file protein33.pdb (PDB, C-alpha atoms and all ligand atoms)
ATOM      1  CA  MET A   1       3.225 -18.052  -1.902
ATOM      2  CA  GLY A   2       2.189 -14.628  -3.097
ATOM      3  CA  PHE A   3       2.909 -11.409  -1.275
ATOM      4  CA  ILE A   4       1.078  -9.127   1.125
ATOM      5  CA  HIS A   5       0.277  -5.515   0.410
ATOM      6  CA  ILE A   6      -0.488  -2.893   3.043
ATOM      7  CA  THR A   7      -0.266   0.874   2.830
ATOM      8  CA  ASP A   8      -0.034   4.203   4.604
ATOM      9  CA  PRO A   9       0.917   3.344   8.196
ATOM     10  CA  HIS A  10       1.800   7.057   8.813
ATOM     11  CA  PHE A  11       4.150   6.417  11.732
ATOM     12  CA  VAL A  12       4.856   8.968  14.425
ATOM     13  CA  PRO A  13       7.439   8.304  17.146
ATOM     14  CA  ALA A  14       6.070   6.049  19.907
ATOM     15  CA  PRO A  15       4.282   6.748  22.190
ATOM     16  CA  GLU A  16       2.791   9.647  20.196
ATOM     17  CA  LEU A  17      -0.617   9.222  18.615
ATOM     18  CA  LEU A  18      -1.938  10.362  15.257
ATOM     19  CA  TYR A  19      -5.637  11.249  15.098
ATOM     20  CA  GLY A  20      -5.880   9.591  18.501
ATOM     21  CA  MET A  21      -4.519   6.278  17.247
ATOM     22  CA  SER A  22      -1.221   4.483  17.638
ATOM     23  CA  PRO A  23       0.249   3.627  14.232
ATOM     24  CA  ALA A  24       2.611   1.245  16.039
ATOM     25  CA  ALA A  25      -0.195  -0.633  17.801
ATOM     26  CA  ARG A  26      -2.178  -0.912  14.585
ATOM     27  CA  LEU A  27       0.771  -2.186  12.574
ATOM     28  CA  SER A  28       1.659  -4.615  15.351
ATOM     29  CA  ALA A  29      -1.833  -6.132  15.035
ATOM     30  CA  GLY A  30      -1.197  -6.528  11.311
ATOM     31  CA  VAL A  31       2.194  -8.114  11.911
ATOM     32  CA  GLN A  32       0.591 -10.560  14.333
ATOM     33  CA  LEU A  33      -2.082 -11.537  11.785
ATOM     34  CA  ILE A  34       0.524 -12.026   9.074
ATOM     35  CA  ASN A  35       2.697 -14.148  11.358
ATOM     36  CA  GLU A  36      -0.262 -16.271  12.430
ATOM     37  CA  ALA A  37      -1.979 -16.748   9.089
ATOM     38  CA  HIS A  38       0.288 -15.719   6.215
ATOM     39  CA  ALA A  39       3.852 -16.477   7.237
ATOM     40  CA  ASP A  40       4.217 -18.412   3.971
ATOM     41  CA  ALA A  41       3.938 -15.193   1.957
ATOM     42  CA  ASP A  42       7.093 -14.267   0.071
ATOM     43  CA  PHE A  43       7.199 -10.752   1.489
ATOM     44  CA  LEU A  44       5.258  -7.741   2.737
ATOM     45  CA  LEU A  45       5.135  -4.668   0.507
ATOM     46  CA  VAL A  46       4.232  -1.300   2.065
ATOM     47  CA  THR A  47       3.270   1.308  -0.543
ATOM     48  CA  GLY A  48       4.369   4.469   1.193
ATOM     49  CA  ASP A  49       3.449   7.135   3.683
ATOM     50  CA  LEU A  50       5.513   5.114   6.116
ATOM     51  CA  ALA A  51       5.809   8.131   8.410
ATOM     52  CA  HIS A  52       3.397  11.052   8.815
ATOM     53  CA  TYR A  53       5.942  13.836   9.330
ATOM     54  CA  GLY A  54       8.991  11.981   7.974
ATOM     55  CA  GLU A  55      11.253  12.300  11.000
ATOM     56  CA  GLN A  56      13.920   9.739  11.873
ATOM     57  CA  ALA A  57      12.337   8.796  15.196
ATOM     58  CA  ALA A  58       9.152   7.788  13.372
ATOM     59  CA  TYR A  59      11.128   5.455  11.097
ATOM     60  CA  GLU A  60      12.821   3.992  14.175
ATOM     61  CA  THR A  61       9.400   3.232  15.653
ATOM     62  CA  LEU A  62       8.397   1.659  12.338
ATOM     63  CA  ARG A  63      11.541  -0.487  12.357
ATOM     64  CA  ASP A  64      10.796  -1.641  15.907
ATOM     65  CA  SER A  65       7.178  -2.459  15.033
ATOM     66  CA  LEU A  66       8.279  -4.518  12.036
ATOM     67  CA  ALA A  67      10.928  -6.434  14.000
ATOM     68  CA  PRO A  68       8.645  -9.389  14.945
ATOM     69  CA  LEU A  69       7.502  -9.838  11.318
ATOM     70  CA  GLU A  70       8.381 -13.310  10.038
ATOM     71  CA  VAL A  71       8.436 -12.449   6.336
ATOM     72  CA  PRO A  72      10.777  -9.999   4.569
ATOM     73  CA  VAL A  73       9.476  -6.457   4.174
ATOM     74  CA  HIS A  74       9.962  -3.931   1.361
ATOM     75  CA  LEU A  75       9.223  -0.276   2.025
ATOM     76  CA  MET A  76       8.259   2.380  -0.503
ATOM     77  CA  MET A  77       8.136   6.160  -0.329
ATOM     78  CA  GLY A  78       4.937   8.234  -0.092
ATOM     79  CA  ASN A  79       4.311  11.966  -0.097
ATOM     80  CA  HIS A  80       4.577  12.120   3.716
ATOM     81  CA  ASP A  81       7.994  10.462   3.719
ATOM     82  CA  SER A  82      11.479  11.943   3.777
ATOM     83  CA  ARG A  83      14.345  10.103   2.127
ATOM     84  CA  ALA A  84      17.333  11.050   4.336
ATOM     85  CA  PRO A  85      15.789  10.073   7.695
ATOM     86  CA  PHE A  86      14.356   6.928   6.090
ATOM     87  CA  ARG A  87      17.775   6.022   4.669
ATOM     88  CA  ALA A  88      19.372   6.463   8.106
ATOM     89  CA  VAL A  89      17.068   3.826   9.597
ATOM     90  CA  PHE A  90      16.686   1.486   6.610
ATOM     91  CA  PRO A  91      20.129   1.725   4.950
ATOM     92  CA  ASP A  92      19.690  -1.498   2.966
ATOM     93  CA  THR A  93      16.784  -0.247   0.841
ATOM     94  CA  PRO A  94      17.897  -0.328  -2.825
ATOM     95  CA  GLU A  95      18.434   3.060  -4.463
ATOM     96  CA  ILE A  96      18.781   4.055  -8.080
ATOM     97  CA  GLU A  97      20.672   7.022  -9.536
ATOM     98  CA  GLY A  98      19.480  10.207  -7.831
ATOM     99  CA  GLY A  99      18.841   8.455  -4.516
ATOM    100  CA  PHE A 100      15.324   7.295  -5.403
ATOM    101  CA  PHE A 101      14.117   4.138  -3.659
ATOM    102  CA  GLN A 102      13.077   2.001  -6.593
ATOM    103  CA  PHE A 103      13.513  -1.763  -6.842
ATOM    104  CA  ALA A 104      12.280  -4.908  -8.537
ATOM    105  CA  LEU A 105      10.842  -7.849  -6.614
ATOM    106  CA  GLU A 106      10.156 -11.408  -7.706
ATOM    107  CA  CYS A 107       7.361 -13.606  -6.416
ATOM    108  CA  ASP A 108       6.527 -16.848  -8.231
ATOM    109  CA  ASP A 109       5.984 -15.755 -11.821
ATOM    110  CA  LEU A 110       5.263 -12.160 -10.809
ATOM    111  CA  ARG A 111       7.759  -9.337 -11.232
ATOM    112  CA  ILE A 112       6.880  -6.271  -9.180
ATOM    113  CA  LEU A 113       8.473  -2.936 -10.081
ATOM    114  CA  CYS A 114       8.292  -0.545  -7.144
ATOM    115  CA  LEU A 115       8.466   3.193  -7.842
ATOM    116  CA  ASP A 116       9.293   6.224  -5.701
ATOM    117  CA  SER A 117       6.863   9.040  -6.508
ATOM    118  CA  LEU A 118       7.855  11.288  -3.587
ATOM    119  CA  ASN A 119       7.944  14.900  -4.789
ATOM    120  CA  ASP A 120      11.280  16.648  -4.266
ATOM    121  CA  VAL A 121       9.480  19.900  -3.398
ATOM    122  CA  PRO A 122       8.992  19.694   0.390
ATOM    123  CA  GLY A 123       5.368  19.925   1.414
ATOM    124  CA  ASP A 124       4.034  19.328  -2.101
ATOM    125  CA  HIS A 125       1.895  16.212  -1.872
ATOM    126  CA  ILE A 126       1.448  15.738  -5.606
ATOM    127  CA  GLY A 127       3.303  12.664  -6.899
ATOM    128  CA  ARG A 128       6.193  12.978  -9.353
ATOM    129  CA  LEU A 129       8.063  10.500 -11.506
ATOM    130  CA  CYS A 130      10.966  12.325 -13.140
ATOM    131  CA  GLU A 131      12.928  11.224 -16.200
ATOM    132  CA  THR A 132      15.443   9.297 -14.089
ATOM    133  CA  ARG A 133      12.770   7.276 -12.326
ATOM    134  CA  LEU A 134      10.843   6.586 -15.530
ATOM    135  CA  ARG A 135      14.027   5.586 -17.371
ATOM    136  CA  TRP A 136      14.664   2.994 -14.665
ATOM    137  CA  LEU A 137      11.106   1.712 -15.094
ATOM    138  CA  ASP A 138      11.571   1.501 -18.847
ATOM    139  CA  GLU A 139      14.816  -0.459 -18.426
ATOM    140  CA  GLN A 140      13.260  -2.814 -15.895
ATOM    141  CA  ILE A 141      10.255  -3.487 -18.099
ATOM    142  CA  ALA A 142      12.658  -4.318 -20.932
ATOM    143  CA  LEU A 143      14.426  -6.762 -18.591
ATOM    144  CA  THR A 144      11.180  -8.506 -17.628
ATOM    145  CA  PRO A 145      10.853 -11.817 -19.458
ATOM    146  CA  ASP A 146       7.665 -12.355 -21.448
ATOM    147  CA  ASP A 147       6.699 -15.291 -19.262
ATOM    148  CA  LYS A 148       6.780 -13.151 -16.104
ATOM    149  CA  ARG A 149       3.661 -11.242 -15.154
ATOM    150  CA  LEU A 150       4.272  -7.602 -14.411
ATOM    151  CA  ILE A 151       2.932  -5.554 -11.492
ATOM    152  CA  VAL A 152       3.779  -1.865 -11.072
ATOM    153  CA  ALA A 153       3.538  -0.485  -7.530
ATOM    154  CA  ASN A 154       3.523   3.226  -6.772
ATOM    155  CA  HIS A 155       2.310   5.377  -3.874
ATOM    156  CA  HIS A 156       0.198   7.776  -5.946
ATOM    157  CA  PRO A 157      -2.563   6.674  -8.312
ATOM    158  CA  ALA A 158      -1.800   7.879 -11.830
ATOM    159  CA  PHE A 159      -5.375   8.860 -12.651
ATOM    160  CA  ASP A 160      -8.495  10.508 -11.255
ATOM    161  CA  LEU A 161     -10.594   8.374  -8.944
ATOM    162  CA  GLY A 162     -13.532  10.765  -8.810
ATOM    163  CA  MET A 163     -12.657  11.821  -5.256
ATOM    164  CA  PRO A 164     -11.893  15.503  -5.974
ATOM    165  CA  LYS A 165      -9.710  16.327  -2.978
ATOM    166  CA  LEU A 166      -7.529  13.273  -3.584
ATOM    167  CA  ASP A 167      -7.483  13.726  -7.342
ATOM    168  CA  GLU A 168      -5.771  17.073  -6.677
ATOM    169  CA  ILE A 169      -2.760  15.212  -5.263
ATOM    170  CA  LYS A 170      -2.479  12.264  -7.645
ATOM    171  CA  LEU A 171       0.592  11.552  -9.762
ATOM    172  CA  ALA A 172       1.387  14.579 -11.917
ATOM    173  CA  ASP A 173       3.384  12.693 -14.532
ATOM    174  CA  SER A 174       0.799  10.157 -15.603
ATOM    175  CA  ASP A 175       1.189  10.921 -19.327
ATOM    176  CA  ALA A 176       4.937  10.300 -19.121
ATOM    177  CA  LEU A 177       4.297   7.135 -17.104
ATOM    178  CA  TRP A 178       1.814   5.946 -19.688
ATOM    179  CA  GLU A 179       4.363   6.437 -22.471
ATOM    180  CA  VAL A 180       6.516   3.856 -20.694
ATOM    181  CA  LEU A 181       3.705   1.492 -19.706
ATOM    182  CA  GLU A 182       1.979   1.305 -23.060
ATOM    183  CA  ARG A 183       5.020  -0.492 -24.484
ATOM    184  CA  ARG A 184       4.157  -3.336 -22.156
ATOM    185  CA  LYS A 185       0.984  -2.960 -20.180
ATOM    186  CA  PRO A 186       1.402  -4.261 -16.628
ATOM    187  CA  ASP A 187      -0.931  -7.018 -15.515
ATOM    188  CA  MET A 188      -1.775  -4.972 -12.431
ATOM    189  CA  PHE A 189      -1.203  -1.576 -10.860
ATOM    190  CA  VAL A 190      -0.975  -1.392  -7.054
ATOM    191  CA  PHE A 191      -0.971   1.876  -5.117
ATOM    192  CA  GLY A 192      -1.685   3.529  -1.769
ATOM    193  CA  HIS A 193      -2.249   7.202  -0.858
ATOM    194  CA  VAL A 194      -6.058   7.212  -0.885
ATOM    195  CA  HIS A 195      -6.573   5.167   2.304
ATOM    196  CA  ARG A 196      -9.653   3.431   0.894
ATOM    197  CA  PRO A 197     -10.321  -0.005  -0.603
ATOM    198  CA  ILE A 198     -10.672   0.648  -4.328
ATOM    199  CA  SER A 199     -10.310  -1.546  -7.391
ATOM    200  CA  GLY A 200     -10.996  -0.992 -11.060
ATOM    201  CA  VAL A 201      -9.348  -0.686 -14.447
ATOM    202  CA  TRP A 202      -7.179   2.126 -15.815
ATOM    203  CA  ARG A 203      -6.614   2.049 -19.584
ATOM    204  CA  GLY A 204      -7.003  -1.710 -19.539
ATOM    205  CA  ILE A 205      -4.793  -2.247 -16.461
ATOM    206  CA  PRO A 206      -6.536  -3.653 -13.365
ATOM    207  CA  PHE A 207      -5.678  -1.761 -10.184
ATOM    208  CA  HIS A 208      -6.249  -2.183  -6.498
ATOM    209  CA  THR A 209      -5.555  -0.403  -3.248
ATOM    210  CA  VAL A 210      -6.542  -0.937   0.372
ATOM    211  CA  ARG A 211      -7.437   1.032   3.492
ATOM    212  CA  GLY A 212      -4.715   3.057   5.153
ATOM    213  CA  PHE A 213      -3.236   1.272   8.131
ATOM    214  CA  ASN A 214      -3.708   4.096  10.620
ATOM    215  CA  HIS A 215      -6.558   6.352   9.457
ATOM    216  CA  GLN A 216      -8.990   6.087   6.572
ATOM    217  CA  VAL A 217     -10.355   8.674   4.177
ATOM    218  CA  ALA A 218     -14.146   8.897   4.037
ATOM    219  CA  LEU A 219     -15.769   8.083   0.709
ATOM    220  CA  GLN A 220     -16.188  11.664  -0.477
ATOM    221  CA  LEU A 221     -17.288  11.929  -4.064
ATOM    222  CA  SER A 222     -18.201  15.626  -3.967
ATOM    223  CA  ASP A 223     -15.833  18.583  -3.895
ATOM    224  CA  ASP A 224     -16.072  19.330  -0.174
ATOM    225  CA  PRO A 225     -13.591  21.869   1.155
ATOM    226  CA  VAL A 226     -12.007  19.513   3.702
ATOM    227  CA  VAL A 227     -10.850  15.905   3.409
ATOM    228  CA  MET A 228     -12.883  13.915   5.910
ATOM    229  CA  LEU A 229     -11.374  10.938   7.720
ATOM    230  CA  THR A 230     -13.177   7.947   9.135
ATOM    231  CA  ASP A 231     -12.437   5.123  11.580
ATOM    232  CA  GLU A 232     -12.251   1.738   9.901
ATOM    233  CA  ASN A 233     -10.105  -1.305  10.508
ATOM    234  CA  PRO A 234      -7.014  -1.549   8.317
ATOM    235  CA  ASP A 235      -6.665  -4.130   5.551
ATOM    236  CA  ILE A 236      -4.054  -6.534   4.456
ATOM    237  CA  ALA A 237      -4.235  -7.742   0.855
ATOM    238  CA  LEU A 238      -2.773 -11.095  -0.144
ATOM    239  CA  ILE A 239      -1.821 -10.981  -3.827
ATOM    240  CA  ARG A 240      -1.390 -14.475  -5.267
ATOM    241  CA  PRO A 241      -0.722 -15.705  -8.750
ATOM    242  CA  ALA A 242      -3.021 -18.514  -9.862
ATOM    243  CA  THR A 243      -2.919 -20.601 -13.028
ATOM    244  CA  ASP A 244      -4.080 -17.903 -15.398
ATOM    245  CA  SER A 245      -4.965 -15.069 -13.038
ATOM    246  CA  ILE A 246      -3.703 -12.848 -10.244
ATOM    247  CA  VAL A 247      -6.018 -12.922  -7.249
ATOM    248  CA  VAL A 248      -6.247 -10.267  -4.519
ATOM    249  CA  PHE A 249      -7.684 -11.417  -1.182
ATOM    250  CA  THR A 250      -8.385  -8.530   1.176
ATOM    251  CA  ARG A 251      -9.007  -9.111   4.867
ATOM    252  CA  SER A 252      -9.613  -6.818   7.782
ATOM    253  CA  VAL A 253      -7.176  -6.543  10.685
ATOM    254  CA  GLY A 254      -9.184  -6.753  13.904
ATOM    255  CA  GLY A 255     -12.553  -6.763  12.178
ATOM    256  CA  GLU A 256     -13.010 -10.518  11.948
ATOM    257  CA  ILE A 257     -14.835 -11.057  15.209
ATOM    258  CA  ARG A 258     -15.328 -14.830  15.089
ATOM    259  CA  THR A 259     -14.968 -17.733  12.679
ATOM    260  CA  TYR A 260     -17.584 -20.514  12.593
ATOM    261  CA  GLU A 261     -18.630 -23.492  10.530
ATOM    262  CA  SER A 262     -21.118 -23.179   7.714
ATOM    263  CA  GLY A 263     -24.090 -25.519   7.488
ATOM    264  CA  GLU A 264     -25.875 -24.815  10.774
ATOM    265  CA  GLU A 265     -28.002 -21.937   9.615
ATOM    266  CA  ASN A 266     -30.166 -21.853  12.756
ATOM    267  CA  MET A 267     -27.311 -21.560  15.220
ATOM    268  CA  GLN A 268     -27.286 -18.604  17.606
ATOM    269  CA  ASN A 269     -24.637 -15.949  17.322
ATOM    270  CA  PRO A 270     -23.541 -15.236  20.896
ATOM    271  CA  LEU A 271     -22.259 -11.815  19.941
ATOM    272  CA  LEU A 272     -25.393 -10.450  18.297
ATOM    273  CA  GLU A 273     -28.608  -9.620  20.075
ATOM    274  CA  ASN A 274     -31.570 -11.112  18.153
ATOM    275  CA  GLY A 275     -29.243 -11.570  15.204
ATOM    276  CA  ARG A 276     -29.095  -7.837  14.608
ATOM    277  CA  LEU A 277     -25.737  -6.489  13.621
ATOM    278  CA  PHE A 278     -26.816  -2.858  13.712
ATOM    279  CA  ALA A 279     -28.926  -1.121  16.340
TER     280      ALA A 279
HETATM  281 FE    FE B   1      -1.324   8.482   3.296
HETATM  282 FE    FE B   2      -0.041   9.735   0.424
END
call {"tool": "encode", "arguments": {"input": "protein33.pdb", "output": "structure tokens", "more": "lines below"}}
Ligand SMILES: [Fe+2]
Ligand SMILES: [Fe+2]
result
Amino acid sequence: MGFIHITDPHFVPAPELLYGMSPAARLSAGVQLINEAHADADFLLVTGDLAHYGEQAAYETLRDSLAPLEVPVHLMMGNHDSRAPFRAVFPDTPEIEGGFFQFALECDDLRILCLDSLNDVPGDHIGRLCETRLRWLDEQIALTPDDKRLIVANHHPAFDLGMPKLDEIKLADSDALWEVLERRKPDMFVFGHVHRPISGVWRGIPFHTVRGFNHQVALQLSDDPVVMLTDENPDIALIRPATDSIVVFTRSVGGEIRTYESGEENMQNPLLENGRLFA
């Protein structure tokens, strides 16, 4: 019931590391958590930046890391990805005219339209949605029954977040996207790219994103010259339809140290000295 959203695993070929971390080891921990606790989810959706440099060997490592996953997985493009090497490793990913990886998913009464905002100019990290990709979106929205709730998933946010360095590389075609979306506003917008847990509302559409699976971007709200990264545990988000709502549960992979019963407020925590979490 519901589906799981993760983002930005930034794979490099095993056993290489990225920023001193193993994307494969981190994703494997996520796969284990999903298998143990959320194997009833309809699928896992990964909103892009699957590989850091976009080489085929990185996608092969990603494929191997996903192999133990007990739910289906759907992979989207991000600005760090490269379509031809990805296609060689994941040949079953649906493509539209022009070779863009866009597809529609169904989950209970949710319909999720997944976009491919990878820029065709190599090395340009700004997101693009050309006429072909937006026409597909328009057609798919028209095909979505009124009694289905609509989620649009894309790698790049379509609007400024107030994080200047990331706002520079958001989706460039947000006005054209909005022209399509305002005909039927989605119930939710899901994206990746910013490697931080963020939720809010854009033009009346609720949005959410989660931490990157390998590295995280520090919460930088000023226009510093360099993007700063930070070490945090990755998230998985479980997106579930409820009676008259869509609920997003976010949980940390590896950050949940212990689970214990409520009600015994005076119990000792064996992991914390004098109950202090921070020194
Ligand atoms: Fe990323
Ligand atoms: Fe990105």
call {"tool": "residues_around", "arguments": {"input": "protein33.pdb", "residues": "stretch 148-158 of chain A", "least_positions_apart": "6", "cutoff": "8 Å", "atoms": "all atoms listed in the file", "output": "ChimeraX atom specification"}}
result
/A:47-49,76-79,109-117,127,170-174,186-193
call {"tool": "resolve_selection", "arguments": {"input": "protein33.pdb", "expression": "the PyMOL selection byres (((not hetatm)) within 7 of (chain B and resi 1))", "output": "ChimeraX atom specification"}}
result
/A:8,10,49,80,193-195,212
call {"tool": "closest_residue", "arguments": {"input": "protein33.pdb", "among": "A:Thr7, A:Thr132, A:Thr144, A:Ser252", "to": "ligand FE 2 (chain B)", "atoms": "all atoms listed in the file"}}
result
A:Thr7
call {"tool": "closest_residue", "arguments": {"input": "protein33.pdb", "among": "A:Gln216, A:Pro68, A:Asp40, A:Arg83", "to": "A:Tyr19", "atoms": "all atoms listed in the file"}}
result
A:Gln216
call {"tool": "closest_residue", "arguments": {"input": "protein33.pdb", "among": "A:Trp178, A:Phe11, A:Arg87, A:Cys107", "to": "A:Pro241", "atoms": "all atoms listed in the file"}}
result
A:Cys107
call {"tool": "closest_residue", "arguments": {"input": "protein33.pdb", "among": "A:Ala41, A:Leu166, A:Val31, A:Leu134", "to": "ligand FE 2 (chain B)", "atoms": "all atoms listed in the file"}}
result
A:Leu166
call {"tool": "residues_around", "arguments": {"input": "protein33.pdb", "residues": "A:Leu161", "least_positions_apart": "5", "cutoff": "12 Å", "atoms": "all atoms listed in the file", "output": "list of chain:residue names"}}
result
A:His156, A:Leu166, A:Asp167, A:Glu168, A:Ile169, A:Lys170, A:Leu171, A:His193, A:Val194, A:Arg196, A:Pro197, A:Ile198, A:Ser199, A:Gly200, A:Val201, A:Trp202, A:Phe207, A:His208, A:Thr209, A:Leu219, A:Gln220, A:Leu221, A:Ser222
call {"tool": "atom_distance", "arguments": {"input": "protein33.pdb", "atom1": "atom CA of A:Arg135", "atom2": "atom CA of A:Val121"}}
result
20.5 Å
call {"tool": "resolve_selection", "arguments": {"input": "protein33.pdb", "expression": "the PyMOL selection byres (((chain A and resi 38) around 9) and not hetatm)", "output": "number ranges by chain"}}
result
A: 1, 4, 33-37, 39-41, 71, 238
call {"tool": "residues_around", "arguments": {"input": "protein33.pdb", "residues": "A:Val253", "least_positions_apart": "5", "cutoff": "9 Å", "atoms": "only C-alpha atoms", "output": "NGL selection string"}}
result
:A and (26 or 29-30 or 33 or 233-236)
call {"tool": "decode", "arguments": {"input": "protein33.pdb", "residues": "stretch 216-277 of chain A", "atoms": "C-alpha atoms", "output": "short mmCIF file (atom, residue, chain, number, x, y, z; two decimals), in the first residue's frame"}}
result
data_model
loop_
_atom_site.label_atom_id
_atom_site.label_comp_id
_atom_site.auth_asym_id
_atom_site.auth_seq_id
_atom_site.Cartn_x
_atom_site.Cartn_y
_atom_site.Cartn_z
CA GLN A 216 23.40 15.90 1.81
CA VAL A 217 23.46 19.60 1.04
CA ALA A 218 23.84 21.87 4.07
CA LEU A 219 20.97 24.25 4.78
CA GLN A 220 22.51 27.31 3.13
CA LEU A 221 20.12 30.19 2.83
CA SER A 222 22.72 32.82 1.94
CA ASP A 223 24.53 33.26 -1.36
CA ASP A 224 27.81 31.61 -0.36
CA PRO A 225 30.26 30.99 -3.19
CA VAL A 226 30.44 27.21 -2.66
CA VAL A 227 27.73 24.62 -2.07
CA MET A 228 28.45 23.05 1.30
CA LEU A 229 27.68 19.39 1.95
CA THR A 230 26.91 17.75 5.25
CA ASP A 231 26.79 14.21 6.67
CA GLU A 232 23.28 13.10 7.54
CA ASN A 233 21.52 9.77 7.32
CA PRO A 234 19.45 9.26 4.17
CA ASP A 235 15.66 9.18 4.21
CA ILE A 236 13.01 6.99 2.79
CA ALA A 237 9.55 8.52 2.39
CA LEU A 238 6.46 6.33 2.38
CA ILE A 239 3.71 8.08 0.41
CA ARG A 240 0.29 6.63 1.20
CA PRO A 241 -3.18 7.61 0.13
CA ALA A 242 -5.66 7.85 2.99
CA THR A 243 -9.41 8.44 2.89
CA ASP A 244 -9.28 12.08 1.91
CA SER A 245 -5.56 12.83 2.08
CA ILE A 246 -2.13 11.81 0.87
CA VAL A 247 0.26 11.23 3.75
CA VAL A 248 4.07 11.31 3.57
CA PHE A 249 5.91 9.42 6.32
CA THR A 250 9.64 10.11 6.31
CA ARG A 251 12.05 7.90 8.23
CA SER A 252 15.79 7.86 8.58
CA VAL A 253 17.92 4.97 7.31
CA GLY A 254 20.35 4.02 10.07
CA GLY A 255 19.36 6.86 12.36
CA GLU A 256 16.74 5.02 14.38
CA ILE A 257 18.97 3.75 17.15
CA ARG A 258 16.42 1.84 19.25
CA THR A 259 12.67 1.36 19.53
CA TYR A 260 10.99 1.18 22.96
CA GLU A 261 7.58 1.20 24.55
CA SER A 262 5.92 4.41 25.63
CA GLY A 263 4.46 4.77 29.11
CA GLU A 264 7.53 4.20 31.29
CA GLU A 265 8.77 7.75 31.40
CA ASN A 266 11.35 7.10 34.13
CA MET A 267 13.12 4.26 32.37
CA GLN A 268 16.85 4.58 31.73
CA ASN A 269 18.17 4.89 28.22
CA PRO A 270 21.20 2.59 28.07
CA LEU A 271 22.64 4.50 25.15
CA LEU A 272 22.61 7.99 26.65
CA GLU A 273 24.76 9.16 29.50
CA ASN A 274 22.61 11.02 32.07
CA GLY A 275 19.91 11.25 29.43
CA ARG A 276 21.93 13.74 27.42
CA LEU A 277 21.79 13.31 23.70
#
